[in-house]
Structures are given as C-alpha cells and as structure tokens.
>>> print(open('coords-v5.cif').read())   # mmCIF, C-alpha atoms
data_my_file
loop_
_atom_site.label_atom_id
_atom_site.label_comp_id
_atom_site.auth_asym_id
_atom_site.auth_seq_id
_atom_site.Cartn_x
_atom_site.Cartn_y
_atom_site.Cartn_z
CA MET A 1 -71.05 53.57 202.03
CA ILE A 2 -74.02 54.06 204.36
CA PHE A 3 -73.38 50.45 205.48
CA GLN A 4 -70.10 51.65 207.01
CA VAL A 5 -72.06 53.98 209.29
CA HIS A 6 -75.44 52.36 209.99
CA VAL A 7 -76.49 48.91 208.77
CA LEU A 8 -80.24 49.45 209.29
CA SER A 9 -80.21 52.68 207.25
CA ALA A 10 -78.44 50.82 204.43
CA LEU A 11 -81.10 48.10 204.59
CA MET A 12 -83.89 50.67 204.29
CA LEU A 13 -82.15 52.28 201.32
CA VAL A 14 -81.99 48.89 199.57
CA MET A 15 -85.71 48.44 200.27
CA MET A 16 -86.33 51.73 198.43
CA TYR A 17 -84.28 50.68 195.41
CA ILE A 18 -85.67 47.16 194.91
CA PRO A 19 -89.10 48.15 193.43
CA PHE A 20 -87.45 50.49 190.90
CA TYR A 21 -84.95 47.80 189.92
CA LEU A 22 -87.64 45.15 189.50
CA TYR A 23 -89.79 47.49 187.40
CA THR A 24 -86.82 48.36 185.16
CA PHE A 25 -85.77 44.72 184.88
CA VAL A 26 -89.25 43.65 183.75
CA LYS A 27 -89.65 46.47 181.21
CA VAL A 28 -86.29 46.34 179.39
CA SER A 29 -85.37 44.02 176.52
CA VAL A 30 -83.63 40.65 176.99
CA THR A 31 -80.26 42.17 176.07
CA LYS A 32 -80.75 44.98 178.54
CA LYS A 33 -81.84 42.45 181.18
CA LYS A 34 -78.47 40.71 180.91
CA GLU A 35 -76.64 44.03 181.05
CA THR A 36 -78.69 45.15 184.07
CA PHE A 37 -78.08 41.85 185.84
CA VAL A 38 -74.32 42.10 185.28
CA GLN A 39 -74.35 45.66 186.63
CA VAL A 40 -76.16 44.49 189.78
CA VAL A 41 -73.64 41.66 190.27
CA ILE A 42 -70.76 44.14 189.91
CA ALA A 43 -72.49 46.51 192.36
CA VAL A 44 -72.90 43.69 194.91
CA ILE A 45 -69.23 42.70 194.55
CA LEU A 46 -68.15 46.32 195.02
CA PHE A 47 -70.43 46.59 198.05
CA LEU A 48 -68.87 43.49 199.62
CA LEU A 49 -65.35 44.78 198.96
CA LEU A 50 -66.08 48.30 200.25
CA THR A 51 -67.66 46.98 203.45
CA VAL A 52 -65.50 43.91 204.09
CA ASN A 53 -64.04 45.60 207.16
CA VAL A 54 -67.54 45.66 208.70
CA TRP A 55 -69.28 42.41 207.83
CA LEU A 56 -66.20 40.16 208.01
CA VAL A 57 -65.31 41.41 211.49
CA LEU A 58 -68.91 40.98 212.66
CA LEU A 59 -69.00 37.42 211.33
CA TYR A 60 -65.68 36.65 213.02
CA LEU A 61 -66.74 38.07 216.39
CA ARG A 62 -70.07 36.27 216.26
CA GLY A 63 -68.36 33.03 215.29
CA THR A 64 -65.85 33.15 218.14
CA ASN A 65 -67.96 34.75 220.89
CA HIS A 66 -71.51 34.54 222.24
CA LEU A 67 -72.45 38.18 221.69
CA LEU A 68 -75.40 39.82 223.40
CA ASP A 69 -77.81 41.09 220.75
CA PRO A 70 -79.66 44.42 221.18
CA PHE A 71 -82.74 44.05 223.35
CA ILE A 72 -85.90 42.62 221.83
CA ASN A 73 -88.88 44.94 222.12
CA ARG A 74 -91.65 42.63 223.28
CA GLU A 75 -94.23 45.42 222.92
CA ILE A 76 -93.18 46.49 219.43
CA GLY A 77 -96.80 46.78 218.28
CA LYS A 78 -97.34 49.77 220.60
CA ASN A 79 -94.38 51.77 219.29
CA GLY A 80 -95.70 52.78 215.87
CA ILE A 81 -96.70 56.28 214.79
CA ASP A 82 -100.26 55.29 215.65
CA GLY A 83 -99.21 54.43 219.20
CA THR A 84 -96.60 55.79 221.61
CA ALA A 85 -94.71 57.45 218.74
CA ARG A 86 -97.67 59.42 217.34
CA TYR A 87 -95.78 62.67 217.99
CA TRP A 88 -93.82 61.94 214.80
CA LEU A 89 -96.99 62.80 212.86
CA TYR A 90 -97.44 66.32 214.21
CA THR A 91 -93.87 67.39 214.92
CA PRO A 92 -94.02 69.74 213.11
CA ILE A 93 -97.75 70.13 212.51
CA SER A 94 -97.04 71.22 208.92
CA LEU A 95 -95.87 67.66 208.26
CA MET A 96 -99.35 66.39 209.08
CA VAL A 97 -100.80 68.90 206.60
CA LEU A 98 -98.43 67.64 203.87
CA LEU A 99 -99.37 64.03 204.67
CA VAL A 100 -103.07 64.72 204.23
CA LEU A 101 -102.74 66.95 201.14
CA GLN A 102 -100.41 64.53 199.36
CA PHE A 103 -102.68 61.58 200.11
CA VAL A 104 -105.69 63.45 198.72
CA TYR A 105 -103.76 64.55 195.63
CA ALA A 106 -102.42 61.04 194.94
CA THR A 107 -105.89 59.52 195.35
CA LEU A 108 -107.55 61.99 192.97
CA ASN A 109 -104.81 61.88 190.33
CA TRP A 110 -103.58 58.28 190.59
CA ARG A 111 -104.48 57.35 187.00
CA LYS A 112 -102.70 60.43 185.63
CA LEU A 113 -99.40 59.72 187.40
CA ALA A 114 -96.44 58.34 185.45
CA LYS A 115 -95.56 54.74 186.32
CA TRP A 116 -92.30 55.66 188.03
CA LYS A 117 -94.19 58.18 190.18
CA LYS A 118 -96.69 55.47 191.09
CA ILE A 119 -93.78 53.29 192.20
CA LEU A 120 -92.41 56.18 194.26
CA HIS A 121 -95.81 56.64 195.91
CA PHE A 122 -96.07 52.88 196.47
CA ILE A 123 -92.70 52.79 198.26
CA TYR A 124 -93.74 55.77 200.37
CA PHE A 125 -97.03 54.12 201.39
CA VAL A 126 -95.20 50.86 202.23
CA PHE A 127 -92.75 52.65 204.53
CA PHE A 128 -95.59 54.62 206.09
CA PHE A 129 -97.52 51.40 206.72
CA LEU A 130 -94.44 49.70 208.18
CA SER A 131 -94.05 52.60 210.63
CA THR A 132 -97.43 51.81 212.20
CA GLY A 133 -98.61 49.11 214.56
CA LEU A 134 -101.08 47.99 211.88
CA PHE A 135 -98.32 45.87 210.35
CA LEU A 136 -97.86 42.46 212.00
CA TRP A 137 -94.81 43.51 214.05
CA GLN A 138 -96.21 42.14 217.30
CA TYR A 139 -97.07 38.78 215.75
CA LEU A 140 -93.63 38.48 214.13
CA VAL A 141 -91.75 39.24 217.36
CA GLU A 142 -93.91 36.83 219.36
CA ASN A 143 -93.00 34.13 216.82
CA GLY A 144 -89.26 34.83 216.91
CA ASN A 145 -88.85 36.62 213.57
CA THR A 146 -85.25 37.90 213.46
CA PHE A 147 -85.97 40.87 211.17
CA ALA A 148 -88.77 42.16 213.40
CA GLU A 149 -86.56 41.75 216.47
CA LEU A 150 -83.84 43.76 214.72
CA ILE A 151 -86.21 46.66 213.92
CA GLN A 152 -87.17 47.17 217.62
CA PHE A 153 -89.28 50.30 216.93
CA PRO A 154 -91.60 50.58 213.88
CA PHE A 155 -91.44 54.39 213.90
CA ARG A 156 -87.93 54.09 212.45
CA PHE A 157 -89.58 53.51 209.07
CA PHE A 158 -91.21 56.94 209.32
CA VAL A 159 -87.83 58.63 208.71
CA PRO A 160 -87.44 57.31 205.12
CA ALA A 161 -91.21 57.75 204.67
CA THR A 162 -90.82 61.45 205.51
CA ILE A 163 -87.92 61.81 203.07
CA LEU A 164 -90.00 60.19 200.34
CA LEU A 165 -92.97 62.43 201.23
CA LEU A 166 -90.84 65.56 200.80
CA ALA A 167 -89.50 64.25 197.47
CA ILE A 168 -93.03 63.50 196.25
CA THR A 169 -94.26 66.90 197.43
CA GLY A 170 -91.44 68.57 195.51
CA LEU A 171 -92.40 66.69 192.35
CA THR A 172 -96.05 67.59 192.84
CA VAL A 173 -95.63 71.34 193.36
CA THR A 174 -93.44 71.66 190.24
CA ARG A 175 -96.52 70.79 188.19
CA PHE A 176 -98.24 74.00 189.21
CA VAL A 177 -96.13 76.40 187.15
CA ASN A 178 -98.50 79.36 187.50
CA TRP A 179 -98.64 79.03 191.29
CA ARG A 180 -94.93 78.70 191.99
CA LYS A 181 -94.60 81.94 193.97
CA SER A 182 -97.67 81.18 196.08
CA ILE A 183 -96.47 77.63 196.70
CA ALA A 184 -92.99 78.89 197.65
CA VAL A 185 -94.53 81.28 200.18
CA LEU A 186 -96.70 78.46 201.54
CA LEU A 187 -93.72 76.11 201.94
CA PHE A 188 -91.70 78.82 203.70
CA ALA A 189 -94.69 79.34 205.99
CA PHE A 190 -94.76 75.59 206.72
CA ALA A 191 -91.06 75.69 207.61
CA GLY A 192 -91.61 78.75 209.80
CA ILE A 193 -94.51 77.10 211.61
CA GLY A 194 -92.35 74.06 212.26
CA LEU A 195 -89.54 76.22 213.65
CA ILE A 196 -91.91 78.16 215.92
CA GLN A 197 -93.53 74.94 217.12
CA ASN A 198 -90.13 73.48 217.97
CA MET A 199 -89.15 76.62 219.92
CA MET A 200 -92.45 76.58 221.82
CA ASP A 201 -92.10 72.89 222.68
CA THR A 202 -88.54 73.45 223.90
CA THR A 203 -89.62 76.43 226.01
CA ASP A 204 -92.48 74.44 227.55
CA ARG A 205 -90.13 71.58 228.42
CA VAL A 206 -87.67 73.98 230.06
CA LYS A 207 -90.47 75.58 232.11
CA THR A 208 -91.82 72.18 233.15
CA ALA A 209 -88.35 71.00 234.16
CA ALA A 210 -87.78 74.14 236.24
CA LYS A 211 -91.17 73.74 237.91
CA ASP A 212 -90.86 70.02 238.66
CA GLY A 213 -87.15 70.13 239.48
CA GLU A 214 -86.46 67.40 236.94
CA LEU A 215 -84.28 68.35 233.98
CA ILE A 216 -84.15 64.81 232.62
CA SER A 217 -87.07 62.43 232.39
CA ILE A 218 -86.28 59.20 234.20
CA VAL A 219 -86.96 56.42 231.73
CA LYS A 220 -86.16 52.73 231.78
CA HIS A 221 -82.44 51.93 232.12
CA THR A 222 -81.45 55.59 232.50
CA TYR A 223 -79.56 56.40 235.68
CA VAL A 224 -79.33 59.99 236.98
CA GLU A 225 -76.80 60.55 239.76
CA GLY A 226 -77.21 64.31 240.32
CA ASP A 227 -80.10 66.54 241.34
CA CYS A 228 -81.67 69.26 239.18
CA GLN A 229 -79.39 72.04 240.45
CA THR A 230 -76.19 70.02 239.99
CA ILE A 231 -77.09 68.99 236.44
CA SER A 232 -78.09 72.56 235.56
CA LEU A 233 -74.72 73.92 236.75
CA ILE A 234 -72.77 71.26 234.86
CA MET A 235 -74.63 72.02 231.63
CA ASP A 236 -73.24 75.57 231.84
CA ASP A 237 -69.70 74.30 232.43
CA SER A 238 -67.16 74.22 229.60
CA ASP A 239 -66.36 70.57 230.40
CA LEU A 240 -69.54 68.78 229.34
CA SER A 241 -67.96 65.36 229.94
CA GLN A 242 -69.04 65.75 233.59
CA PHE A 243 -72.64 65.51 232.40
CA LEU A 244 -71.97 62.03 231.01
CA ASN A 245 -70.81 60.92 234.45
CA LEU A 246 -74.08 62.03 236.06
CA VAL A 247 -76.55 60.80 233.44
CA VAL A 248 -75.87 57.30 232.18
CA LYS A 249 -77.79 54.97 229.91
CA PRO A 250 -75.86 51.68 230.03
CA THR A 251 -76.09 49.77 226.77
CA PRO A 252 -74.71 46.22 226.93
CA ASP A 253 -75.19 45.48 223.22
CA TYR A 254 -72.58 43.09 221.79
CA VAL A 255 -70.76 42.33 225.03
CA THR A 256 -69.83 38.67 225.17
CA ILE A 257 -71.92 36.34 227.33
CA TYR A 258 -70.48 33.58 229.50
CA GLY A 259 -72.84 31.03 230.99
CA THR A 260 -76.58 31.62 231.17
CA ILE A 261 -78.28 35.00 231.56
CA GLY A 262 -81.47 33.55 233.01
CA LYS A 263 -83.64 36.24 234.58
CA GLN A 264 -80.74 38.65 235.06
CA ASN A 265 -81.19 42.12 233.56
CA THR A 266 -78.18 42.75 231.31
CA TYR A 267 -78.62 46.54 231.54
CA ASP A 268 -78.35 46.34 235.34
CA LEU A 269 -75.38 43.97 235.06
CA TYR A 270 -73.60 46.41 232.77
CA TYR A 271 -74.40 49.34 235.06
CA LYS A 272 -73.10 47.46 238.12
CA ASN A 273 -70.01 45.84 236.59
CA ILE A 274 -68.90 48.62 234.21
CA VAL A 275 -70.48 52.03 234.84
CA THR A 276 -70.38 52.25 238.65
CA ASN A 277 -67.29 50.07 239.04
CA GLN A 278 -64.77 52.85 239.66
CA LYS A 279 -62.22 51.08 241.90
CA ALA A 280 -59.63 50.99 239.13
CA GLU A 281 -58.36 54.02 237.22
CA LYS A 282 -58.44 53.70 233.42
CA LEU A 283 -56.10 55.25 230.87
CA VAL A 284 -54.79 54.47 227.40
CA GLU A 285 -51.06 53.84 226.87
CA ASP A 286 -49.59 53.01 223.44
CA GLY A 287 -52.97 51.84 222.18
CA TYR A 288 -53.64 49.55 225.15
CA LEU A 289 -56.20 49.98 227.91
CA VAL A 290 -54.42 50.19 231.27
CA LEU A 291 -56.10 49.86 234.68
CA THR A 292 -54.34 50.68 237.96
CA TRP A 293 -55.50 50.35 241.58
CA GLN A 294 -54.35 49.94 245.16
CA ALA A 295 -55.22 46.73 247.03
CA ALA A 296 -54.32 44.39 249.86
CA GLU A 297 -52.57 41.07 249.28
CA GLY A 298 -54.92 38.57 247.64
CA GLU A 299 -57.80 41.04 247.36
CA GLU A 300 -60.06 40.12 244.47
CA LEU A 301 -61.25 42.90 242.18
CA ASN A 302 -63.83 42.84 239.42
CA LEU A 303 -62.40 44.97 236.59
CA PRO A 304 -64.74 47.23 234.52
CA ILE A 305 -63.71 45.75 231.17
CA VAL A 306 -65.10 43.04 228.90
CA VAL A 307 -62.98 40.07 227.86
CA TYR A 308 -63.56 38.51 224.42
CA LYS A 309 -62.07 35.30 223.06
CA ASP A 310 -58.85 36.86 221.74
CA SER A 311 -58.44 39.38 224.57
CA ILE A 312 -55.12 39.30 226.44
CA LEU A 313 -54.89 40.30 230.11
CA THR A 314 -51.54 41.15 231.68
CA LEU A 315 -51.50 41.62 235.46
CA ASN A 316 -48.43 43.23 237.04
CA GLY A 317 -46.26 42.22 234.08
CA LYS A 318 -47.52 38.62 233.86
CA GLU A 319 -49.79 37.47 231.05
CA LEU A 320 -52.76 35.69 232.56
CA ASP A 321 -54.15 32.37 231.42
CA LYS A 322 -57.90 31.83 231.28
CA ASP A 323 -57.66 29.89 234.56
CA ASP A 324 -56.04 32.85 236.36
CA TYR A 325 -59.26 34.86 236.50
CA SER A 326 -63.02 34.33 236.60
CA LEU A 327 -65.57 36.00 234.34
CA SER A 328 -68.98 37.45 235.12
CA THR A 329 -72.00 36.79 232.93
CA ILE A 330 -71.13 39.77 230.69
CA GLY A 331 -67.40 39.00 230.57
CA THR A 332 -65.92 41.28 233.25
CA PRO A 333 -62.85 39.57 234.80
CA THR A 334 -62.15 39.21 238.52
CA VAL A 335 -58.42 39.06 239.33
CA SER A 336 -56.41 38.51 242.51
CA SER A 337 -54.40 41.58 243.52
CA GLN A 338 -50.96 41.93 245.05
CA LYS A 339 -50.31 44.23 247.98
CA GLY A 340 -50.01 47.90 247.00
CA GLN A 341 -50.03 49.11 243.40
CA ASN A 342 -51.57 46.85 240.73
CA LYS A 343 -51.59 47.27 236.97
CA THR A 344 -53.58 45.39 234.35
CA VAL A 345 -53.13 45.85 230.61
CA LEU A 346 -55.91 44.78 228.24
CA SER A 347 -54.90 44.06 224.65
CA TYR A 348 -56.40 42.11 221.80
CA GLN A 349 -54.76 39.56 219.52
CA GLU A 350 -56.34 40.51 216.23
CA PRO A 351 -56.35 37.93 213.41
CA GLY A 352 -53.77 38.35 210.65
CA TRP A 353 -56.39 39.09 207.99
CA LEU A 354 -57.77 42.12 209.85
CA PHE A 355 -55.24 44.54 208.35
CA VAL A 356 -56.06 43.25 204.87
CA SER A 357 -59.80 43.76 205.47
CA LEU A 358 -59.09 47.37 206.46
CA LEU A 359 -56.89 47.92 203.42
CA ILE A 360 -59.25 46.47 200.78
CA PRO A 361 -61.93 49.26 200.96
CA ILE A 362 -59.20 51.93 200.65
CA ILE A 363 -57.68 50.20 197.60
CA VAL A 364 -61.08 49.72 195.95
CA LEU A 365 -61.99 53.38 196.54
CA GLY A 366 -58.65 54.40 195.04
CA VAL A 367 -59.23 52.24 191.93
CA ILE A 368 -62.76 53.66 191.51
CA GLY A 369 -61.37 57.20 191.84
CA LEU A 370 -58.65 56.56 189.25
CA GLN A 371 -61.18 55.04 186.85
CA TRP A 372 -63.41 58.11 187.27
CA LEU A 373 -60.48 60.44 186.52
CA TYR A 374 -59.49 58.35 183.48
CA THR A 375 -63.06 58.39 182.12
CA LYS A 376 -63.39 62.13 182.68
CA THR A 377 -60.05 62.80 180.95
CA SER A 378 -60.98 60.57 178.00
CA ILE A 379 -64.30 62.41 177.51
CA LYS A 380 -62.51 65.77 177.47
CA LYS A 381 -60.05 64.53 174.83
CA VAL A 382 -62.88 63.30 172.60
CA ALA A 383 -64.73 66.60 173.00
#
>>> encode(input="coords-v5.cif", output="structure tokens")
Amino acid sequence: MIFQVHVLSALMLVMMYIPFYLYTFVKVSVTKKKETFVQVVIAVILFLLLTVNVWLVLLYLRGTNHLLDPFINREIGKNGIDGTARYWLYTPISLMVLLVLQFVYATLNWRKLAKWKKILHFIYFVFFFLSTGLFLWQYLVENGNTFAELIQFPFRFFVPATILLLAITGLTVTRFVNWRKSIAVLLFAFAGIGLIQNMMDTTDRVKTAAKDGELISIVKHTYVEGDCQTISLIMDDSDLSQFLNLVVKPTPDYVTIYGTIGKQNTYDLYYKNIVTNQKAEKLVEDGYLVLTWQAAEGEELNLPIVVYKDSILTLNGKELDKDDYSLSTIGTPTVSSQKGQNKTVLSYQEPGWLFVSLLIPIIVLGVIGLQWLYTKTSIKKVA
C-alpha cells in the first residue's frame, strides 16, 4: 500500500525485496519454484488491483494531456552524500560511528555471516553506493535515462540505506549476549548525542537567523514576501496559513502544457500565473471550484487555474467552448469578462470507469480481510 502514498518509496522497497526473492527462487526445489512463482504472480495481481486507482488515472491523464514532468536535475552527480548532501552522514554524528563500526565488523566477519545476512549487507551497500555521486547518475541523466531523471537526488537512497544499517546493527549487537547491558547503554548514549546535536544545530540556526535578519534561506524557486519581523510574528500566530501566503515554493509538476515551453522557466510561469494572480477570489461550492471577480465590459482576465482536457469552464452561467478562451503555456485560461460581477465555475468530466477504479481497492481489501478472518476462525476450530 506504500504505492498509494509514494511511488518512489514503493520502488525502493521492491529493490530491497528482489535479491531475497532471487536467492530463495534459486535455492528451493523445482516444485517450490512453481509455488513461489505462482505466489509472486498473485502478489502482482493483488498489487495492480489495490493500486488501480493510482496507476490507471496516471496513465489516463498522461494519455490525454501533455503533463509537465518534475524538473530534471542536470547536476545530479553533485547531490550525493559525498557532495552537497554530505550532512546526511553526520546528522547525527552517531550515525557516522555506526557506519564505520558496521563496515569494519562486516569486513572482518564476512565469511562467518549467514547467507541471508550477506544478502542484507549487499542490499545495504548497494543503496549506500547509489546514494553517492560515485554511481553514474550524471552520465545517465546526460544521456536521457528516464530512471535517473526520476530520482533527481541520489541522497534519497540514503534513507533506506539508513534503515537497513539500523536493522543490521540490531542483528549484530544481539550476538554479544554477555555485553547486552553495555551495548544498550552505548546505544542510548548514541541516541542522546543525536538529540543534543539536533538541539544545538537548531539553536545555532535560530541565532544566525536573528543575527542576519533572515529566518528563511532564500533558495532557488522559493519566494519570500515578508521581512524577518513579519514572518516571526506570523509564526507565533494561531493561524499559520498566513505563513504559506508569505513563503511560497511554486511547484508546477504535472500541470498540462500547451504549445512549446522553449526557454521559459515553468516555476516562474506558475508563480506568475497561479501564486501571485489574486484578481479573482476562490472558493469551493458543492465540490466545484468557483472564482468571482469584478471587471469592466470586455476586460480579459487570466484565471489562476489549470485546464486539462476534460475540464469544464462555465462563465456567468454559460458553458464555454475551447474557442471561447485562450490558454497559457501551463494551461491557465484567459476569459472575457462582463461588466460588474463575474463568476467562473471549474468542474471536471471524469470518465465513467473512475468510480469503478476507486471501488476496486476497497472491495479487494474487504475480500482479503474476510479471508483472514475465515482462516483465523478455522485455525481456532481445529485447535
């Protein structure tokens, strides 16, 4: 179900499982191979059914619209844990200690490790290597490799690598039965050091911000509308939504593209056409997005919404045809206003199969739950 939340995380999880599956598949008997293969096929079918509401919709939208993909990091080779993201290694510093100690232990005891532990270490080392710029990320991106373009930042692989490191460390320390208390104290000390380090880093950042008068670091494509004092006051306010109006990072991922982007910066286009375009007031009525504004007769207004293929625009009670409005590069419509109050309603004509795709995962989960209850009840009766 991770796929329902974050596709890349699901992909990394599959990458962890594959070596174990291949090892098991090679080792078992022919009969077990067939059984294992059938189980994998069933698992894949269940996966497709449980996530049909995600992948089918994505395929449909991509097939009917020219969607803007997330930005391609042209300097991906610099963003590994050996480059601009090296802070991952020493935050907290106790993590660096675990990295070194576990590497030394694995090197000295490699021949003594069980095969499944060797596989676990192998997966860990692969993820660690992928999180560095030593892997050919830069070469792959420069040659248009889709997977490398999707990754964007190699340090993302350090998250599963850290999880695997902690799992391996846990397995390692359980071997030292006579030193359990000492090891427990040491691990608590590591956790304490990490907590103290985090508090010190946070304090230093607060002091630096107060000294420089800059609460938020200005990075690429981040727009800050307020000064230090204004932002500081808003952060103490009960309504934190005001903060989101002052600090904006426009992300145009998956808006639909009309025409040619050329040298235009899509982040700037999104900021100009959506974020700062406040001439119309937005609200939601009965599940539809409604925009209202005052205008002179014939005044043209660029609306801060994105129109997809099956989007429906209704202006002052009249449904608009595609010829009744023009679209910007990122799909924001420009309409001609009437004198006085104007009202536009944005709706979407979803395909008939959409409801079915939403229903299927619920039904499959229900069937799995009922099967689990039936199995559990049957076991109790036998016992």
>>> resolve_selection(input="coords-v5.cif", expression="the PyMOL selection byres ((chain A and resi 76) around 9)", output="list in words")
Ile72, Asn73, Arg74, Glu75, Gly77, Lys78, Asn79, Gly80, Gly133, Trp137, Gln138, Val141, Ala148, Glu149, Ile151, Gln152, Phe153 and Pro154 of chain A
>>> residues_near_point(input="coords-v5.cif", point="(-79.6, 48.1, 229.8)", cutoff="6 Å", atoms="all atoms listed in the file", output="VMD selection string")
chain A and resid 221 250 to 252 266 to 268
>>> closest_residue(input="coords-v5.cif", among="A:Thr172, A:Ser9, A:Leu95, A:Lys32", to="Leu113 (chain A)", atoms="only C-alpha atoms")
A:Thr172
>>> atom_distance(input="coords-v5.cif", atom1="CA of Lys272 (chain A)", atom2="CA of Cys228 (chain A)")
23.4 Å
>>> residues_around(input="coords-v5.cif", residues="Pro333 (chain A)", least_positions_apart="4", cutoff="10 Å", atoms="only C-alpha atoms", output="PyMOL selection string")
chain A and resi 273+301-307+313+322+324-329
>>> atom_distance(input="coords-v5.cif", atom1="CA of Val367 (chain A)", atom2="CA of Leu48 (chain A)")
15.1 Å
>>> atom_distance(input="coords-v5.cif", atom1="CA of Phe190 (chain A)", atom2="CA of Val177 (chain A)")
19.6 Å
>>> residues_around(input="coords-v5.cif", residues="Gln341 (chain A)", least_positions_apart="3", cutoff="12 Å", atoms="all atoms listed in the file", output="ChimeraX atom specification")
/A:280-281,291-297,299,315-316,337-338,344
>>> write_last_selection(input="coords-v5.cif", atoms="C-alpha atoms", output="mmCIF file, keeping the file's coordinate frame")
data_model
loop_
_atom_site.group_PDB
_atom_site.id
_atom_site.type_symbol
_atom_site.label_atom_id
_atom_site.label_comp_id
_atom_site.auth_asym_id
_atom_site.auth_seq_id
_atom_site.Cartn_x
_atom_site.Cartn_y
_atom_site.Cartn_z
ATOM 1 C CA ALA A 280 -59.630 50.990 239.130
ATOM 2 C CA GLU A 281 -58.360 54.020 237.220
ATOM 3 C CA LEU A 291 -56.100 49.860 234.680
ATOM 4 C CA THR A 292 -54.340 50.680 237.960
ATOM 5 C CA TRP A 293 -55.500 50.350 241.580
ATOM 6 C CA GLN A 294 -54.350 49.940 245.160
ATOM 7 C CA ALA A 295 -55.220 46.730 247.030
ATOM 8 C CA ALA A 296 -54.320 44.390 249.860
ATOM 9 C CA GLU A 297 -52.570 41.070 249.280
ATOM 10 C CA GLU A 299 -57.800 41.040 247.360
ATOM 11 C CA LEU A 315 -51.500 41.620 235.460
ATOM 12 C CA ASN A 316 -48.430 43.230 237.040
ATOM 13 C CA SER A 337 -54.400 41.580 243.520
ATOM 14 C CA GLN A 338 -50.960 41.930 245.050
ATOM 15 C CA THR A 344 -53.580 45.390 234.350
#
>>> residues_around(input="coords-v5.cif", residues="Gly226 (chain A)", least_positions_apart="5", cutoff="9 Å", atoms="all atoms listed in the file", output="PyMOL selection string")
chain A and resi 231+246-247
>>> write_last_selection(input="coords-v5.cif", atoms="C-alpha atoms", output="CSV table (one decimal), keeping the file's coordinate frame")
chain,number,residue,atom,x,y,z
A,231,ILE,CA,-77.1,69.0,236.4
A,246,LEU,CA,-74.1,62.0,236.1
A,247,VAL,CA,-76.6,60.8,233.4
>>> closest_residue(input="coords-v5.cif", among="A:Tyr254, A:Phe47, A:Asp286, A:Thr91", to="Met199 (chain A)", atoms="all atoms listed in the file")
A:Thr91
>>> closest_residue(input="coords-v5.cif", among="A:Lys117, A:Arg111, A:Lys27, A:Lys343", to="Thr169 (chain A)", atoms="all atoms listed in the file")
A:Lys117
>>> closest_residue(input="coords-v5.cif", among="A:Val54, A:Leu101, A:Leu120, A:Val44", to="Val7 (chain A)", atoms="all atoms listed in the file")
A:Val54
>>> closest_residue(input="coords-v5.cif", among="A:Val100, A:Ala85, A:Val173, A:Ala210", to="Thr132 (chain A)", atoms="all atoms listed in the file")
A:Ala85
>>> residues_around(input="coords-v5.cif", residues="Glu225 (chain A)", least_positions_apart="5", cutoff="12 Å", atoms="only C-alpha atoms", output="list in words")
Ile216, Ile218, Thr230, Ile231, Gln242, Phe243, Leu244, Asn245, Leu246, Val247, Val248, Lys249, Val275 and Thr276 of chain A
